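Engineer: File name structure16.txt; file contents compact mmCIF, C-alpha atoms and all ligand atoms; full text below.
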# COMPACT_ATOMS: atom_id res chain seq x y z
CA MET A 785 -1.33 -13.11 -17.46
CA LYS A 786 -4.87 -13.52 -16.23
CA ILE A 787 -6.61 -13.08 -12.94
CA GLU A 788 -8.62 -15.96 -11.54
CA SER A 789 -12.35 -15.40 -11.11
CA GLN A 790 -12.99 -14.90 -7.42
CA ASN A 791 -16.53 -16.24 -7.34
CA GLN A 792 -15.89 -18.72 -4.57
CA PRO A 793 -18.42 -18.87 -1.71
CA HIS A 794 -18.02 -16.30 1.03
CA SER A 795 -20.36 -17.86 3.55
CA TRP A 796 -18.55 -16.16 6.45
CA ILE A 797 -19.70 -12.76 5.18
CA LYS A 798 -22.73 -11.23 6.91
CA ALA A 799 -23.86 -8.42 4.66
CA LEU A 800 -26.08 -5.42 5.23
CA VAL A 801 -27.43 -3.57 2.18
CA VAL A 802 -28.77 -0.05 2.80
CA ASP A 803 -30.49 1.53 -0.18
CA ASP A 804 -33.72 3.51 -0.50
CA SER A 805 -34.49 1.57 -3.68
CA LYS A 806 -36.11 -1.79 -2.96
CA ALA A 807 -35.10 -2.96 -6.45
CA ILE A 808 -31.40 -2.27 -5.75
CA CYS A 809 -31.68 -4.01 -2.38
CA SER A 810 -33.08 -7.16 -3.89
CA LEU A 811 -30.66 -7.06 -6.84
CA CYS A 812 -27.68 -6.79 -4.45
CA LYS A 813 -29.07 -9.54 -2.25
CA ASN A 814 -29.51 -11.76 -5.28
CA ILE A 815 -25.97 -11.15 -6.54
CA LEU A 816 -24.45 -11.70 -3.09
CA THR A 817 -26.23 -14.97 -2.46
CA GLU A 818 -26.23 -16.42 -6.00
CA ASN A 819 -22.81 -15.28 -7.24
CA TYR A 820 -20.75 -15.18 -4.07
CA GLY A 821 -22.33 -17.67 -1.71
CA VAL A 822 -23.07 -15.09 0.99
CA ASN A 823 -25.66 -16.75 3.25
CA TYR A 824 -26.71 -13.78 5.35
CA VAL A 825 -27.88 -10.59 3.64
CA HIS A 826 -30.03 -8.08 5.55
CA THR A 827 -31.55 -5.36 3.38
CA THR A 828 -33.11 -2.13 4.54
CA ASN A 829 -34.36 1.14 3.04
CA SER A 830 -33.80 3.14 6.19
CA ALA A 831 -30.62 4.52 7.75
CA PRO A 832 -31.92 4.31 11.36
CA GLU A 833 -32.81 0.64 10.85
CA ALA A 834 -29.35 0.00 9.38
CA LEU A 835 -27.74 1.57 12.44
CA ALA A 836 -29.90 -0.51 14.76
CA VAL A 837 -28.84 -3.69 12.90
CA ILE A 838 -25.15 -2.76 13.16
CA LYS A 839 -25.50 -2.09 16.90
CA SER A 840 -27.55 -5.15 17.76
CA PHE A 841 -26.18 -7.73 15.33
CA LYS A 842 -22.44 -7.55 15.86
CA ASP A 843 -21.73 -10.22 13.24
CA VAL A 844 -22.41 -7.89 10.31
CA ASN A 845 -19.03 -7.54 8.61
CA MET A 846 -19.80 -5.95 5.24
CA ILE A 847 -22.04 -2.95 4.55
CA PHE A 848 -23.25 -1.89 1.11
CA LEU A 849 -24.18 1.74 1.49
CA ASP A 850 -26.17 3.96 -0.86
CA LEU A 851 -25.10 7.59 -0.64
CA ASN A 852 -28.22 9.32 -1.80
CA MET A 853 -31.14 8.47 0.51
CA PRO A 854 -33.99 10.55 1.86
CA GLY A 855 -33.75 11.44 5.58
CA THR A 856 -30.35 10.40 6.92
CA ASP A 857 -28.17 10.15 3.82
CA GLY A 858 -25.26 7.79 3.22
CA VAL A 859 -22.62 10.32 4.27
CA GLN A 860 -24.31 10.94 7.61
CA LEU A 861 -24.78 7.20 8.11
CA LEU A 862 -21.11 6.64 7.36
CA LYS A 863 -20.19 8.92 10.25
CA GLN A 864 -22.56 7.08 12.57
CA ILE A 865 -21.13 3.73 11.47
CA ALA A 866 -17.62 5.04 12.23
CA ALA A 867 -18.79 6.15 15.68
CA CYS A 868 -19.79 2.50 16.33
CA LYS A 869 -16.18 1.51 15.50
CA PHE A 870 -17.49 -0.83 12.83
CA LYS A 871 -14.72 -3.28 11.96
CA GLY A 872 -16.08 -4.79 8.76
CA TYR A 873 -15.87 -3.74 5.12
CA ILE A 874 -17.62 -0.71 3.67
CA VAL A 875 -18.76 -0.70 0.05
CA ILE A 876 -20.25 2.45 -1.42
CA VAL A 877 -23.08 1.91 -3.90
CA SER A 878 -24.07 4.99 -5.82
CA GLY A 879 -25.10 6.64 -9.03
CA VAL A 880 -23.42 9.96 -8.23
CA SER A 881 -20.32 11.10 -10.12
CA ALA A 882 -16.95 9.39 -9.66
CA LYS A 883 -15.58 12.60 -8.12
CA ILE A 884 -18.22 12.65 -5.38
CA ILE A 885 -17.72 8.96 -4.68
CA GLN A 886 -14.00 9.61 -4.45
CA SER A 887 -14.47 12.28 -1.79
CA VAL A 888 -16.73 9.96 0.24
CA GLU A 889 -14.12 7.22 -0.08
CA ASP A 890 -11.54 9.62 1.37
CA LEU A 891 -13.97 10.41 4.16
CA ALA A 892 -14.43 6.70 4.93
CA ASN A 893 -10.67 6.32 5.16
CA LYS A 894 -10.42 9.39 7.39
CA TYR A 895 -13.01 7.80 9.69
CA ASN A 896 -10.71 4.74 9.85
CA LEU A 897 -13.32 2.55 8.22
CA ASN A 898 -12.26 -0.39 6.08
CA PHE A 899 -13.46 1.00 2.78
CA ILE A 900 -13.00 -1.76 0.20
CA GLY A 901 -14.51 -0.43 -3.02
CA SER A 902 -17.42 1.16 -4.83
CA ILE A 903 -20.27 -0.13 -6.94
CA HIS A 904 -21.49 2.29 -9.54
CA LYS A 905 -25.13 2.37 -10.55
CA PRO A 906 -26.34 1.00 -12.91
CA ILE A 907 -24.91 -2.06 -11.26
CA ASP A 908 -22.20 -3.94 -13.13
CA LEU A 909 -21.14 -7.39 -11.90
CA LYS A 910 -17.51 -6.48 -12.60
CA ASP A 911 -17.59 -4.08 -9.64
CA PHE A 912 -18.67 -6.93 -7.35
CA ASP A 913 -15.92 -9.16 -8.74
CA HIS A 914 -13.37 -6.49 -8.03
CA ILE A 915 -14.53 -6.09 -4.44
CA PHE A 916 -14.65 -9.82 -3.77
CA SER A 917 -11.19 -10.29 -5.26
CA LYS A 918 -9.98 -8.08 -2.40
CA VAL A 919 -12.01 -9.78 0.31
CA GLY A 920 -10.21 -13.03 -0.48
CA GLN A 921 -9.21 -14.62 2.78
CA ASN A 922 -11.56 -15.78 5.48
CA THR A 923 -10.71 -12.90 7.75
CA ILE A 924 -12.60 -9.94 9.08
CA PRO A 925 -10.49 -6.79 8.98
CA GLN A 926 -9.41 -5.07 12.17
CA TYR A 927 -10.62 -1.64 13.12
CA LYS A 928 -7.64 0.37 11.95
CA HIS A 929 -6.89 2.01 15.28
CA GLU A 930 -6.67 -1.40 16.88
CA THR A 931 -3.40 -2.41 15.24
CA GLN A 932 -1.40 -3.18 18.33
CA GLN A 933 1.89 -1.28 18.40
CA LEU A 934 4.88 -3.02 19.94
CA LYS A 935 6.35 -1.65 23.17
CA ILE A 936 9.71 0.14 23.10
CA TYR A 937 11.34 -2.63 25.16
CA GLU A 938 10.23 -5.22 22.58
CA ILE A 939 11.94 -3.24 19.82
CA ILE A 940 15.13 -2.77 21.85
CA ARG A 941 15.16 -6.50 22.61
CA ALA A 942 14.77 -7.29 18.90
CA LEU A 943 17.65 -4.99 17.97
CA GLU A 944 19.86 -6.49 20.68
CA ASN A 945 19.01 -10.06 19.66
CA ASP A 946 19.40 -9.30 15.96
CA ASP A 947 15.75 -10.15 15.38
CA ILE A 948 15.20 -7.57 12.66
CA GLU A 949 14.78 -9.39 9.38
CA VAL A 950 14.68 -8.02 5.86
CA PHE A 951 12.29 -9.26 3.18
CA TYR A 952 12.40 -8.20 -0.45
CA GLN A 953 9.68 -7.38 -2.94
CA PRO A 954 10.53 -7.56 -6.65
CA GLN A 955 10.03 -4.60 -8.97
CA ILE A 956 9.36 -5.22 -12.67
CA LYS A 957 10.15 -2.91 -15.57
CA LEU A 958 6.98 -2.73 -17.63
CA LYS A 959 8.70 -2.18 -20.98
CA ASN A 960 10.47 -5.55 -21.00
CA ARG A 961 8.85 -7.29 -17.98
CA LYS A 962 12.29 -7.88 -16.48
CA LEU A 963 13.17 -7.84 -12.80
CA ILE A 964 14.82 -4.48 -12.32
CA GLY A 965 15.12 -4.28 -8.56
CA VAL A 966 13.79 -5.15 -5.13
CA GLU A 967 12.56 -3.12 -2.19
CA ALA A 968 13.90 -4.05 1.24
CA LEU A 969 11.10 -4.27 3.82
CA CYS A 970 11.91 -4.96 7.44
CA ARG A 971 10.06 -7.27 9.82
CA LEU A 972 10.59 -7.98 13.50
CA ARG A 973 10.86 -11.57 14.74
CA HIS A 974 8.95 -11.56 18.04
CA PRO A 975 9.56 -14.43 20.50
CA SER A 976 5.85 -15.14 21.01
CA LEU A 977 4.02 -13.22 18.26
CA GLY A 978 6.15 -14.34 15.31
CA LEU A 979 6.93 -12.08 12.36
CA ILE A 980 5.68 -8.52 12.93
CA SER A 981 5.11 -6.02 10.12
CA PRO A 982 6.76 -2.57 10.20
CA ASP A 983 3.42 -0.79 10.63
CA LYS A 984 3.47 -2.08 14.21
CA PHE A 985 6.86 -0.72 15.21
CA ILE A 986 8.32 1.89 12.82
CA ASP A 987 6.27 4.77 14.28
CA LYS A 988 7.46 3.85 17.77
CA THR A 989 11.11 3.76 16.68
CA GLU A 990 10.72 7.23 15.19
CA GLU A 991 9.95 8.62 18.65
CA THR A 992 13.50 7.80 19.72
CA ASP A 993 16.99 7.11 18.32
CA LEU A 994 15.88 3.54 17.70
CA ILE A 995 14.95 4.38 14.12
CA PHE A 996 18.60 5.18 13.43
CA HIS A 997 19.82 1.83 14.81
CA LEU A 998 17.04 -0.08 13.08
CA THR A 999 17.87 1.55 9.75
CA LEU A 1000 21.58 0.76 10.08
CA SER A 1001 20.71 -2.86 10.81
CA VAL A 1002 18.45 -3.03 7.72
CA ILE A 1003 21.08 -1.36 5.55
CA ASP A 1004 23.78 -3.79 6.73
CA LYS A 1005 21.68 -6.84 5.95
CA ALA A 1006 20.29 -5.51 2.68
CA LEU A 1007 23.68 -4.46 1.28
CA ASN A 1008 25.15 -7.86 2.14
CA ASP A 1009 22.21 -9.64 0.50
CA TRP A 1010 22.70 -7.46 -2.57
CA VAL A 1011 26.37 -8.51 -2.80
CA THR A 1012 25.37 -12.19 -2.49
CA TRP A 1013 22.85 -11.82 -5.34
CA LEU A 1014 25.42 -10.06 -7.51
CA ASN A 1015 27.84 -12.93 -6.93
CA GLN A 1016 25.05 -15.25 -8.14
CA GLY A 1017 24.70 -13.20 -11.32
CA ILE A 1018 21.64 -11.21 -10.24
CA ASP A 1019 22.39 -7.58 -11.01
CA ILE A 1020 19.47 -5.49 -9.71
CA THR A 1021 18.74 -2.24 -7.90
CA LEU A 1022 18.14 -2.33 -4.17
CA SER A 1023 15.66 0.14 -2.67
CA ILE A 1024 15.83 0.87 1.05
CA ASN A 1025 13.27 2.83 3.07
CA ILE A 1026 14.77 5.73 5.00
CA SER A 1027 12.65 7.54 7.52
CA PRO A 1028 13.02 11.34 7.33
CA TYR A 1029 14.01 11.14 11.01
CA VAL A 1030 17.15 9.22 10.02
CA LEU A 1031 18.26 12.05 7.73
CA LYS A 1032 18.29 14.30 10.80
CA PHE A 1033 21.29 12.33 12.10
CA THR A 1034 24.19 14.27 10.57
CA GLU A 1035 26.45 11.18 10.65
CA PHE A 1036 24.02 9.10 8.56
CA THR A 1037 25.23 10.09 5.07
CA ASP A 1038 28.90 9.36 5.79
CA LEU A 1039 28.12 6.10 7.56
CA PHE A 1040 26.01 4.97 4.63
CA LEU A 1041 28.55 5.98 1.99
CA THR A 1042 31.35 4.24 3.93
CA LYS A 1043 29.35 0.99 4.06
CA MET A 1044 28.78 1.20 0.30
CA ALA A 1045 32.50 1.80 -0.31
CA GLU A 1046 33.52 -1.10 1.98
CA LEU A 1047 31.37 -3.49 -0.02
CA ASN A 1048 32.43 -1.90 -3.30
CA ILE A 1049 28.83 -1.27 -4.35
CA GLN A 1050 28.13 1.03 -7.28
CA LYS A 1051 26.13 4.01 -6.00
CA ASN A 1052 23.54 3.90 -8.77
CA LYS A 1053 22.53 0.37 -7.73
CA ILE A 1054 21.12 1.60 -4.44
CA CYS A 1055 17.98 3.69 -4.15
CA LEU A 1056 16.88 5.36 -0.93
CA GLU A 1057 13.14 5.82 -0.52
CA VAL A 1058 11.92 8.72 1.58
CA THR A 1059 8.33 9.70 2.18
CA GLU A 1060 6.58 12.80 0.97
CA SER A 1061 6.70 14.47 4.38
CA ILE A 1062 10.35 15.27 3.66
CA ILE A 1063 9.37 17.88 1.13
CA GLU A 1064 6.56 19.45 3.09
CA ASP A 1065 8.92 20.83 5.70
CA ASN A 1066 11.88 22.75 4.51
CA HIS A 1067 14.46 21.28 6.85
CA GLU A 1068 18.08 22.12 6.15
CA ILE A 1069 19.63 18.99 7.66
CA GLU A 1070 17.49 16.60 5.62
CA LEU A 1071 18.02 18.68 2.48
CA GLU A 1072 21.75 18.62 3.03
CA ALA A 1073 21.72 14.83 3.42
CA LEU A 1074 19.60 14.35 0.28
CA SER A 1075 21.80 16.68 -1.77
CA ARG A 1076 25.02 14.97 -0.66
CA LEU A 1077 23.62 11.51 -1.39
CA ALA A 1078 22.41 12.65 -4.82
CA ILE A 1079 25.77 14.25 -5.66
CA LYS A 1080 27.53 10.97 -4.81
CA GLY A 1081 25.22 9.21 -7.28
CA VAL A 1082 22.88 7.36 -4.88
CA LEU A 1083 19.37 7.13 -6.38
CA LEU A 1084 16.56 8.82 -4.48
CA SER A 1085 12.90 7.90 -4.56
CA LEU A 1086 9.89 9.79 -3.26
CA ASP A 1087 7.79 7.09 -1.57
CA ASP A 1088 4.03 7.03 -0.98
CA PHE A 1089 3.48 9.97 -3.33
CA GLY A 1090 -0.11 11.16 -3.10
CA THR A 1091 -0.55 10.64 0.62
CA GLY A 1092 0.81 14.04 1.63
CA SER A 1093 0.60 17.48 0.12
CA ALA A 1094 3.83 17.85 -1.82
CA SER A 1095 3.73 20.78 -4.19
CA ILE A 1096 5.07 20.46 -7.73
CA GLU A 1097 7.23 23.50 -7.10
CA ARG A 1098 8.99 21.83 -4.13
CA LEU A 1099 9.30 18.55 -5.99
CA HIS A 1100 10.95 20.35 -8.87
CA ARG A 1101 13.69 21.61 -6.56
CA LEU A 1102 14.59 18.27 -4.99
CA PRO A 1103 17.00 15.67 -6.42
CA PHE A 1104 14.61 12.73 -6.77
CA ASP A 1105 15.10 10.15 -9.54
CA GLU A 1106 11.91 8.23 -8.90
CA LEU A 1107 8.32 8.86 -7.92
CA LYS A 1108 6.50 6.02 -6.18
CA LEU A 1109 2.76 6.33 -6.53
CA ASP A 1110 1.11 5.24 -3.31
CA LYS A 1111 -0.88 1.99 -3.52
CA SER A 1112 -4.11 3.84 -2.77
CA PHE A 1113 -3.97 5.19 -6.36
CA PHE A 1114 -4.57 1.72 -7.73
CA GLN A 1115 -7.11 0.39 -5.26
CA ASN A 1116 -10.08 2.04 -7.02
CA SER A 1117 -8.68 2.73 -10.45
CA VAL A 1118 -10.40 -0.21 -12.11
CA THR A 1119 -13.84 1.29 -11.89
CA ASN A 1120 -12.98 4.91 -11.41
CA ARG A 1121 -12.21 7.05 -14.46
CA ALA A 1122 -11.22 10.07 -12.35
CA GLN A 1123 -8.62 7.93 -10.56
CA PHE A 1124 -7.24 6.68 -13.87
CA ASP A 1125 -6.85 10.26 -15.10
CA LEU A 1126 -5.19 11.25 -11.83
CA ILE A 1127 -2.55 8.51 -12.19
CA LYS A 1128 -1.96 9.64 -15.76
CA SER A 1129 -1.41 13.24 -14.62
CA CYS A 1130 1.02 12.13 -11.91
CA VAL A 1131 3.01 10.14 -14.45
CA ALA A 1132 3.09 13.13 -16.81
CA MET A 1133 4.33 15.35 -13.97
CA SER A 1134 6.93 12.77 -12.98
CA ASN A 1135 8.19 12.57 -16.57
CA ALA A 1136 8.28 16.35 -16.87
CA LEU A 1137 10.46 16.46 -13.76
CA ASP A 1138 12.75 13.83 -15.29
CA MET A 1139 11.80 11.06 -12.89
CA HIS A 1140 10.58 7.57 -13.59
CA THR A 1141 7.40 6.30 -11.97
CA VAL A 1142 6.85 3.21 -9.87
CA ALA A 1143 3.34 1.87 -9.37
CA GLU A 1144 2.98 0.33 -5.92
CA GLY A 1145 0.23 -2.00 -4.71
CA ILE A 1146 -0.33 -3.81 -8.02
CA GLU A 1147 -2.67 -6.54 -6.82
CA THR A 1148 -4.46 -7.65 -9.98
CA ALA A 1149 -4.05 -7.95 -13.75
CA GLU A 1150 -6.30 -4.88 -14.04
CA HIS A 1151 -3.93 -2.83 -11.88
CA TRP A 1152 -1.01 -3.97 -14.04
CA LYS A 1153 -2.91 -2.93 -17.19
CA ILE A 1154 -3.71 0.47 -15.72
CA ALA A 1155 -0.06 1.01 -14.76
CA GLU A 1156 0.84 0.20 -18.38
CA GLN A 1157 -1.88 2.39 -19.89
CA THR A 1158 -1.05 5.37 -17.68
CA GLY A 1159 2.64 5.19 -18.62
CA CYS A 1160 4.19 3.97 -15.33
CA ASP A 1161 7.71 2.55 -15.78
CA ILE A 1162 7.92 0.00 -12.98
CA VAL A 1163 5.37 -2.13 -11.11
CA GLN A 1164 5.49 -3.66 -7.65
CA GLY A 1165 2.79 -5.52 -5.76
CA TYR A 1166 1.22 -8.76 -4.60
CA TYR A 1167 0.16 -9.60 -8.18
CA ILE A 1168 3.84 -9.98 -9.04
CA CYS A 1169 5.18 -11.24 -5.73
CA LYS A 1170 4.74 -10.67 -1.99
CA PRO A 1171 7.85 -9.68 -0.03
CA ILE A 1172 10.09 -12.77 0.23
CA GLU A 1173 13.33 -13.74 1.96
CA ALA A 1174 16.71 -12.91 0.41
CA ALA A 1175 17.51 -16.59 -0.13
CA ASP A 1176 14.33 -17.01 -2.22
CA ILE A 1177 15.18 -14.22 -4.67
CA PRO A 1178 17.37 -16.32 -7.07
CA GLN A 1179 14.69 -19.03 -7.41
CA TRP A 1180 11.95 -16.40 -7.89
CA CYS A 1181 14.09 -14.64 -10.45
CA TYR A 1182 14.53 -17.89 -12.39
CA GLN A 1183 10.80 -18.65 -12.31
CA TRP A 1184 9.84 -15.13 -13.36
CA LYS A 1185 12.19 -15.31 -16.35
CA HIS A 1186 10.47 -18.48 -17.51
CA ARG A 1187 7.02 -17.03 -16.87
CA VAL A 1188 7.57 -14.04 -19.13
CA ASP A 1189 9.74 -15.67 -21.83
P1 LIG B 1 6.30 1.18 1.71
O1 LIG B 1 7.73 1.59 1.67
O2 LIG B 1 5.36 2.00 0.92
O3 LIG B 1 6.28 -0.34 1.26
C1 LIG B 1 5.24 -0.93 0.58
C2 LIG B 1 4.32 -1.66 1.50
O4 LIG B 1 3.22 -2.15 0.76
C3 LIG B 1 4.94 -2.91 2.15
O5 LIG B 1 4.31 -3.10 3.41
C4 LIG B 1 4.52 -4.00 1.19
O6 LIG B 1 4.53 -5.28 1.77
C5 LIG B 1 3.11 -3.55 0.89
N1 LIG B 1 2.65 -4.06 -0.39
C6 LIG B 1 3.37 -4.50 -1.43
N2 LIG B 1 2.59 -4.88 -2.44
C7 LIG B 1 1.32 -4.68 -2.04
C8 LIG B 1 0.05 -4.89 -2.67
O7 LIG B 1 -0.06 -5.33 -3.80
N3 LIG B 1 -1.04 -4.55 -1.94
C9 LIG B 1 -0.95 -4.05 -0.69
N4 LIG B 1 -2.08 -3.76 -0.05
N5 LIG B 1 0.23 -3.82 -0.07
C10 LIG B 1 1.35 -4.14 -0.74
P2 LIG B 1 5.14 -3.41 4.69
O8 LIG B 1 6.27 -4.34 4.36
O9 LIG B 1 4.18 -3.81 5.75
O10 LIG B 1 5.78 -2.02 5.02
C11 LIG B 1 4.96 -0.94 5.38
C12 LIG B 1 5.75 0.33 5.45
O11 LIG B 1 6.72 0.27 6.50
C13 LIG B 1 6.58 0.60 4.21
O12 LIG B 1 5.76 1.17 3.23
C14 LIG B 1 7.61 1.57 4.75
O13 LIG B 1 7.09 2.87 4.81
C15 LIG B 1 7.80 1.07 6.15
N6 LIG B 1 9.04 0.27 6.19
C16 LIG B 1 9.27 -1.01 5.82
N7 LIG B 1 10.55 -1.35 6.02
C17 LIG B 1 11.17 -0.23 6.49
C18 LIG B 1 12.51 0.07 6.89
O14 LIG B 1 13.43 -0.74 6.80
N8 LIG B 1 12.74 1.34 7.33
C19 LIG B 1 11.76 2.29 7.41
N9 LIG B 1 12.08 3.51 7.86
N10 LIG B 1 10.50 2.04 7.05
C20 LIG B 1 10.20 0.80 6.60
MG MG B 2 8.97 2.09 0.29
MG MG B 3 5.12 3.16 -0.54
Would you mind writing the file out in structure tokens?
Ligand code: C2E
Ligand code: MG
Ligand code: MG

Structural biologist:
Amino acid sequence: MKIESQNQPHSWIKALVVDDSKAICSLCKNILTENYGVNYVHTTNSAPEALAVIKSFKDVNMIFLDLNMPGTDGVQLLKQIAACKFKGYIVIVSGVSAKIIQSVEDLANKYNLNFIGSIHKPIDLKDFDHIFSKVGQNTIPQYKHETQQLKIYEIIRALENDDIEVFYQPQIKLKNRKLIGVEALCRLRHPSLGLISPDKFIDKTEETDLIFHLTLSVIDKALNDWVTWLNQGIDITLSINISPYVLKFTEFTDLFLTKMAELNIQKNKICLEVTESIIEDNHEIELEALSRLAIKGVLLSLDDFGTGSASIERLHRLPFDELKLDKSFFQNSVTNRAQFDLIKSCVAMSNALDMHTVAEGIETAEHWKIAEQTGCDIVQGYYICKPIEAADIPQWCYQWKHRVD
């Protein structure tokens, strides 16, 4: 497999390069215009000037920011940029250690900035390629806080009208490159807005009982789709996301197990994914549900690992079969040695606790390679396939088989 070079023109990008070194400024400008077709590049050696440009020229949608500058440094400027609610991409350009860059990246994310990648000095064109492979489409990102959440009534209406749809994203076993399973991901079909992603409604449902009803609807559809695939000769695992709030409903476990029994589904074919927050709080009801599900043979996965603060000690005492490394692990791993080592340590811990590891957010051939080199067992991400409809799984499965054979 190979990744296409992403050197197509990005004339819609309006870049601002802030670096106290004039040589770096002109090198970046040269690369952006010559290699990527960026028409507008403003360079400056001063943080105050950069801020003035951001405030007065609203079209700037990508900032290349040096961390180590005299006067206002890059970290201070980052905070000021966040205060302006800058919607564009942030790229950190620096010669400081990977660890320091990592902490600034975390800071950028905490400020809700659209951090897209880092360029390490001395400048390597590969870093630019990596960043532009992510820019891709002709779209300016949204300020993260602006993602419009649906209203409660819109979610109730969708549940009543059966407008909750389930898409599936394939998971590939690295050892033999075979399709091993799919993750069920829900979407809401809105009458005027079209297909809405879960980020815009799951949080809202968790404020009420709606999450319980939504989950039952997803489970119903997903289990039926699984049976259809099995009848077509596709024998795979089905992963379903379960909000920790759902485990608080004492009737959930029995309802779920009854549905499985009705459809005669083997327990070890279904995997329930719960997020890390479940192990931060020591809640009896959730623990009871997890233990009962595990005893019955249902697989359990710890989703988005790395986004919370799960301790190894707690993890050791919970019945998880799978650890899903959050996609943020892979976003910067290509150029970041510290990140690579971190993934490796997580995989080692996962193995020591007798779990297998899934790498989420595999977007490029490099990510795939890193997942392989760090010892992950399973990969999932846009590089393999975006979430697709149930009816498209057999065809995808057929094509994948031919691609890897
Ligand atoms: P998740 O369980 O961690 O699912 C993975 C998310 O990453 C999905 O987003 C998927 O489309 C996206 N993704 C997959 N590959 C890539 C990639 O290569 N790059 C990037 N950047 N993203 C990738 P989606 O479908 O928008 O779902 C977001 C979250 O919503 C899920 O995160 C999960 O926590 C939640 N969710 C989805 N369906 C359900 C559901 O039925 N019930 C509950 N409780 N939560 C759900
Ligand atoms: Mg998940
Ligand atoms: Mg996840």

Engineer: Identify which of the residues A:Leu934, A:Ile1162, A:Val802, A:Ile956 lies closest to A:His974, counting all atoms listed in the file when measuring atom-to-atom distances.

Structural biologist: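 Once distances to A:His974 are computed over all atoms listed in the file, the minimum belongs to A:Leu934.
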
Engineer: Name the closest residue to ligand LIG 1 (chain B) among the candidates A:Asn1135, A:Gln953, A:Ser976, A:Thr1034; distances are taken between atoms, counting all atoms listed in the file.

Structural biologist: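 Among the listed residues, the smallest separation from ligand LIG 1 (chain B) belongs to A:Gln953.
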
Engineer: May I ask you to write as a PyMOL selection string all residues lying at most 12 Å from ligand MG 3 (chain B), with only C-alpha atoms and all ligand atoms counted?

Structural biologist: chain A and resi 953+967-969+983+1023-1027+1056-1060+1085-1092+1106-1113+1142-1146+1163-1165

Engineer: Just checking: using all atoms listed in the file, which residue out of A:Val888, A:Cys1055, A:Ala1149, A:Leu1047 ends up closest to A:Lys1005?

Structural biologist: A:Leu1047

Engineer: Nearest to ligand MG 2 (chain B) among A:Leu861, A:Lys962, A:Ile903, A:Cys970, with distances taken over only C-alpha atoms and all ligand atoms: which residue is it?

Structural biologist: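 For ligand MG 2 (chain B), the nearest of the candidates is A:Cys970.
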
Engineer: Pick out the closest residue to A:Thr1012 from this set: A:Ala799, A:Ala892, A:Leu816, A:Ala1175. Count all atoms listed in the file.

Structural biologist: A:Ala1175

Engineer: Residues near A:Ser810, anyone? I mean within 12 Å using only C-alpha atoms, not counting same-chain ones fewer than 3 positions away, as a list of chain:residue names.

Structural biologist: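 What passes the distance filter is A:Leu800, A:Val801, A:Val802, A:Asp803, A:Asp804, A:Ser805, A:Lys806, A:Ala807, A:Lys813, A:Asn814, A:Ile815, A:Leu816, A:Thr817, A:Glu818, A:Val825, A:His826, A:Thr827, A:Thr828, A:Asn829.
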
Engineer: Could you check the closest approach to ligand MG 2 (chain B) for each of A:Glu1072, A:Ser1001, A:Met1139, A:Pro1171 and tell me which residue wins, using all atoms listed in the file?

Structural biologist: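 For ligand MG 2 (chain B), the nearest of the candidates is A:Pro1171.
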
Engineer: Could you work out how far atom CA of A:Glu1156 lies from atom CA of A:Arg1187, giving the answer in Å with one decimal?

Structural biologist: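 Computed distance, atom CA of A:Arg1187 to atom CA of A:Glu1156, equals 18.4 Å.
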
Engineer: How many Å separate atom CA of A:Ile847 from atom CA of A:Gly872?

Structural biologist: 7.5 Å

Engineer: When you draw a straight line from atom CA of A:Ile1054 to atom O7 of ligand LIG 1 (chain B), how long is it in Å?

Structural biologist: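 Answer for the atom CA of A:Ile1054 to atom O7 of ligand LIG 1 (chain B) separation: 22.3 Å.
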
Engineer: Could you work out an axis-aligned bounding box for all listed atoms of ligand LIG 1 (chain B), with 6 Å added on each of the six sides, and give its centre and edge lengths in Å to one decimal, as AutoDock Vina command-line options?

Structural biologist:
--center_x 5.7 --center_y -0.9 --center_z 2.0 --size_x 27.5 --size_y 20.8 --size_z 23.7

Engineer: Which neighbours of stretch 836-841 of chain A fall inside 8 Å, counting all atoms listed in the file, when residues of the same chain fewer than 4 positions from it are skipped, and could you give them as a PyMOL selection string?

Structural biologist: chain A and resi 832+865+868+870

Engineer: Fewer than 3 positions away in the same chain doesn't count, so skip those; otherwise give me all residues within 9 Å of A:Lys1053, counting all atoms listed in the file, as a ChimeraX atom specification.

Structural biologist: /A:965,1019-1023,1049-1050,1082-1083
